[in-house]
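Undergrad: Take this structure, written in structure tokens, and hold onto it; I'll ask about it next.
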Number of protein chains: 2
Amino acid sequence: MVSSRGVRHDSMRARNLSVVLATIHRSGPATRAALAERTGLTKTTVSSLVADLLEAGVVAEGGVVRGGERGRPGVAVGLSGHRVAALGLEINIDYLAACVVDLTRTVRLRRVRRADNRNSDPREILEGLRGLVKEITAEAEQAGLRVIGAALAVPGTVEDGVLRSAPHLGWRDIRVANLVDLPFEVDNEANLAALGELWFGAREPDFLYVSGEIGIGAGLVVRGDLFRGTFGLAGELGHVVVVPNGPTCRCGGRGCLEVYAGQDALLGDLASVGDLVARLESGERRAQEACERAGHALGVALTSAVHLLDPGRIVLGGIFAPLFRWLERPVSEGLRGRLGQMRGTPPALVVSGTGGDAAVLGAAGLIIQQILAEPAKMLGL
Amino acid sequence: MVSSRGVRHDSMRARNLSVVLATIHRSGPATRAALAERTGLTKTTVSSLVADLLEAGVVAEGGVVRGGERGRPGVAVGLSGHRVAALGLEINIDYLAACVVDLTRTVRLRRVRRADNRNSDPREILEGLRGLVKEITAEAEQAGLRVIGAALAVPGTVEDGVLRSAPHLGWRDIRVANLVDLPFEVDNEANLAALGELWFGAREPDFLYVSGEIGIGAGLVVRGDLFRGTFGLAGELGHVVVVPNGPTCRCGGRGCLEVYAGQDALLGDLASVGDLVARLESGERRAQEACERAGHALGVALTSAVHLLDPGRIVLGGIFAPLFRWLERPVSEGLRGRLGQMRGTPPALVVSGTGGDAAVLGAAGLIIQQILAEPAKMLGL
């Protein structure tokens, strides 16, 4: 009986810690009295919980504000960006990336290493990433930050922490464990990019984030939550069928969107998206035609996606962001022409605010969210 | 202060009523003592709540079972199918339907009226439905059942209770109110059919229900919940693009699945699905080719749907159910050939267990679910 009571007390304390932290996160700095009023907890309980959160460096005392009762001024407690941080990681087809983000969702450090990771040896790439992790966590420590957890974005399908298939990397069934000695998550690049857009970009609660890379993915956010489907594999926009008997795709299917609008189709023999943008700006016809073709295919695939997923708006990210000026018209035409009678207006088409960083930021953001939701568990309180 | 306390007491009582009823619904008949143990409520509270539920006819006393404490036998309380019921309604393109379902999800009454509702006057059709409602509720009353609420399935997109667009009926922006003098819901036919399949058919928690009618729709169920998208318009499988520049569809788009696999495309100049099945059974080549074409188109559209929605399995319903024998191979080939490398195996393809009744059953089921979730509100307790 005693141990059962003990567990109950601990779990209640854990729950109350997260309630207090969520209240601070949602409503901003507040006095202990205001926190007691907003949470329904006693002032004694709030004071004790706040003391633990202060000790762990999750919150800090700030300026003097008016408290919750009889207008007496009090010391406000707000989220602290000074001690606790999360690590975001990304393996993509042409780069490795890492970032350290503090609890206020401020990006403190960021590193990108260009490399051609196509058809690579997973051990080598993971060794390279381990090096990047060591570098950036050492730097974070020097800045007084304690990294609490890490998440990794990968360009492929993930089930239960296993990278099932990343056709462009040439990887299958890779368990990415022991990369860091911390709580660790692995997720699909487009899923984490959608969360990156939610927390660091437009911050709208309802949208389909379209991730244009060598592959194309998408992540649907509905009322602030990522829709993952049954096995966590939803949002594979790149393999929506655009032309039933079209060219063979890396996935084994035919006529997938990626074949028409992935980075390779857009660039042709150009070396980089920057080159393509330069040619588009100088009005080169071949470059414009490539964008037109890709935009039309994207419009067709997004029509199917809108019918099936019903997104609030469509956010074009990754390499589609710098190309937005040239893609917007053909994509919009496709959506307007095809969605006509089923809905009043097609969802708005907008450009991502996070550029190529969405996925690695979303990875760090996922850990920040876990810390805010379960401070007791994540910080050993 | 007094009224605030009153509200708090009422809302706690309402919550506890639904906790007790949910426990009975989930775990089957139980003694008051067992209910107290399972819910954590006192035996006095449980007895008083059960008395109210008995009085309302939501539960009934059944046989003698062993109770929760010291093995003493007690009288079990279980869901009652004898007094409270829900009305399911459906307007479809070639029929009107109604059913009365009791709290144990037993179908008590069912009526279908064949009619050609294409390009019809909404007032006339709704008048016809009102007649059907009067008939069936009168009959329910004679059987001692009290109909508590009704839901209506419509073949089109619904937002906030307004039927936005039903292209085959030729209806736009129709507010279907005052149809019955009861709590009333309106929802898309495929959404409600998916819930019908969940509650009355296979009862699996994860699947995409594909509704084959004159139009084609789909409803995704993930962990027992219907996925509705941002505006409640998700799952419009019939308008997934199969051929970008294909024939014009009733929706205004081109090359939609419906053009290739809707009832009209399948039947050609035949009068009914029964006729088609008869010709398929006699091995008629033209009929087989029609199924082959429809099956291939369905396989392409379902490939896109699997990539975007990630369903647990695919359930073919409506007119696709009697045609399953002939559709299974071309659809499966499409899925297997195209989904190969992205997932280990494509989702299983199975036939619906509810036939053409899924939507009207799901409509009644939706109200049953509301009664079980909010007995105090729905029954005025």
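Ordered as shown in the structure tokens, chains take letters A, B, and onward, while each chain numbers its residues from 1 and ligands are numbered from 1 in the order shown.
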Just list the residues in stretch 13-72 of chain A DSSP gives alpha helix (DSSP H) on the backbone, as JSON, numbers by chain.

TA: {"A": [13, 14, 15, 16, 17, 18, 19, 20, 21, 22, 23, 24, 25, 26, 27, 32, 33, 34, 35, 36, 37, 38, 39, 43, 44, 45, 46, 47, 48, 49, 50, 51, 52, 53, 54, 55, 56]}

Undergrad: Write out, as a tab-separated table, each residue of chain B that has an atom at most 8 Å from chain A, together with the closest pair of atoms and their distance in Å to one decimal, counting only C-alpha atoms, rows going by chain and rising number.

TA:
residue	atom	partner	partner_atom	distance
B:Thr157	CA	A:Met342	CA	7.1
B:Arg164	CA	A:Arg343	CA	7.5
B:Ser165	CA	A:Met342	CA	6.1
B:Pro167	CA	A:Gln341	CA	8.0
B:Asp206	CA	A:Thr230	CA	6.8
B:Val222	CA	A:Thr230	CA	5.9
B:Arg223	CA	A:Thr230	CA	7.5
B:Arg228	CA	A:Asp310	CA	7.8
B:Gly229	CA	A:Asp310	CA	4.9
B:Thr230	CA	A:Pro311	CA	5.6
B:Phe231	CA	A:Asp310	CA	6.6
B:Gly232	CA	A:Asp310	CA	7.3
B:Leu233	CA	A:Asp310	CA	5.6
B:Ala234	CA	A:Asp310	CA	4.7
B:Gly235	CA	A:Leu308	CA	4.3
B:Glu236	CA	A:His307	CA	4.9
B:Leu237	CA	A:Leu308	CA	6.2
B:His239	CA	A:His307	CA	6.6
B:Val240	CA	A:Ser304	CA	4.4
B:Val241	CA	A:Ser304	CA	5.9
B:Val242	CA	A:Pro244	CA	6.9
B:Val243	CA	A:Val243	CA	6.2
B:Pro244	CA	A:Val300	CA	6.7
B:Cys251	CA	A:Gln341	CA	5.3
B:Gly252	CA	A:Gly340	CA	6.0
B:Gly253	CA	A:Arg338	CA	4.0
B:Arg254	CA	A:Arg338	CA	6.9
B:Val300	CA	A:Pro244	CA	6.7
B:Ala301	CA	A:Val241	CA	7.6
B:Thr303	CA	A:Val240	CA	7.1
B:Ser304	CA	A:Val240	CA	4.4
B:Ala305	CA	A:Leu308	CA	7.0
B:Val306	CA	A:Ala234	CA	7.6
B:His307	CA	A:Glu236	CA	4.9
B:Leu308	CA	A:Gly235	CA	4.3
B:Leu309	CA	A:Ala234	CA	4.9
B:Asp310	CA	A:Ala234	CA	4.7
B:Pro311	CA	A:Thr230	CA	5.6
B:Gly312	CA	A:Thr230	CA	5.7
B:Gly337	CA	A:Gly253	CA	6.5
B:Arg338	CA	A:Gly253	CA	4.0
B:Leu339	CA	A:Gly253	CA	6.5
B:Gly340	CA	A:Gly252	CA	6.0
B:Gln341	CA	A:Cys251	CA	5.3
B:Met342	CA	A:Ser165	CA	6.1
B:Arg343	CA	A:Arg164	CA	7.4

Undergrad: Those residues you just picked out, can you put them in a file as a PDB file, in the first residue's frame with C-alpha atoms?

TA:
ATOM      1  CA  THR B 157     -19.555  17.601 -48.738  1.00  0.00           C
ATOM      2  CA  ARG B 164     -22.237  22.336 -49.476  1.00  0.00           C
ATOM      3  CA  SER B 165     -22.167  20.342 -52.664  1.00  0.00           C
ATOM      4  CA  PRO B 167     -22.946  17.137 -57.563  1.00  0.00           C
ATOM      5  CA  ASP B 206      -7.908   0.992 -38.387  1.00  0.00           C
ATOM      6  CA  VAL B 222      -7.516   5.517 -37.172  1.00  0.00           C
ATOM      7  CA  ARG B 223      -7.528   3.899 -33.716  1.00  0.00           C
ATOM      8  CA  ARG B 228     -12.145  14.422 -40.839  1.00  0.00           C
ATOM      9  CA  GLY B 229      -9.407  16.860 -41.921  1.00  0.00           C
ATOM     10  CA  THR B 230      -9.479  20.592 -41.230  1.00  0.00           C
ATOM     11  CA  PHE B 231     -12.976  21.468 -42.482  1.00  0.00           C
ATOM     12  CA  GLY B 232     -14.570  17.996 -42.318  1.00  0.00           C
ATOM     13  CA  LEU B 233     -14.016  17.423 -46.049  1.00  0.00           C
ATOM     14  CA  ALA B 234     -11.321  14.717 -45.972  1.00  0.00           C
ATOM     15  CA  GLY B 235     -11.642  11.380 -47.782  1.00  0.00           C
ATOM     16  CA  GLU B 236     -12.980  12.537 -51.174  1.00  0.00           C
ATOM     17  CA  LEU B 237     -11.398   9.552 -52.920  1.00  0.00           C
ATOM     18  CA  HIS B 239     -11.986  13.047 -57.013  1.00  0.00           C
ATOM     19  CA  VAL B 240      -8.421  11.853 -56.686  1.00  0.00           C
ATOM     20  CA  VAL B 241      -6.879  12.466 -60.107  1.00  0.00           C
ATOM     21  CA  VAL B 242      -6.255   9.240 -62.015  1.00  0.00           C
ATOM     22  CA  VAL B 243      -5.474  10.733 -65.448  1.00  0.00           C
ATOM     23  CA  PRO B 244      -4.463  14.443 -65.393  1.00  0.00           C
ATOM     24  CA  CYS B 251     -16.986  18.034 -59.840  1.00  0.00           C
ATOM     25  CA  GLY B 252     -15.509  20.297 -62.533  1.00  0.00           C
ATOM     26  CA  GLY B 253     -12.136  18.498 -62.463  1.00  0.00           C
ATOM     27  CA  ARG B 254     -10.712  16.089 -65.045  1.00  0.00           C
ATOM     28  CA  VAL B 300      -4.072   3.884 -58.879  1.00  0.00           C
ATOM     29  CA  ALA B 301      -6.235   6.165 -56.716  1.00  0.00           C
ATOM     30  CA  THR B 303      -2.040   3.952 -54.142  1.00  0.00           C
ATOM     31  CA  SER B 304      -2.150   7.741 -53.735  1.00  0.00           C
ATOM     32  CA  ALA B 305      -4.566   7.367 -50.815  1.00  0.00           C
ATOM     33  CA  VAL B 306      -2.311   4.828 -49.045  1.00  0.00           C
ATOM     34  CA  HIS B 307       0.721   7.135 -49.469  1.00  0.00           C
ATOM     35  CA  LEU B 308      -1.176  10.115 -48.064  1.00  0.00           C
ATOM     36  CA  LEU B 309      -3.479   8.560 -45.428  1.00  0.00           C
ATOM     37  CA  ASP B 310      -1.581   5.422 -44.331  1.00  0.00           C
ATOM     38  CA  PRO B 311      -4.630   3.236 -43.605  1.00  0.00           C
ATOM     39  CA  GLY B 312      -4.426  -0.035 -41.644  1.00  0.00           C
ATOM     40  CA  GLY B 337       3.072  -3.019 -58.023  1.00  0.00           C
ATOM     41  CA  ARG B 338       3.191   0.563 -56.829  1.00  0.00           C
ATOM     42  CA  LEU B 339       3.662   0.437 -53.060  1.00  0.00           C
ATOM     43  CA  GLY B 340       6.528  -2.056 -53.191  1.00  0.00           C
ATOM     44  CA  GLN B 341       9.541  -0.341 -51.714  1.00  0.00           C
ATOM     45  CA  MET B 342       7.868   2.194 -49.434  1.00  0.00           C
ATOM     46  CA  ARG B 343       6.284  -0.339 -47.072  1.00  0.00           C
TER      47      ARG B 343
END
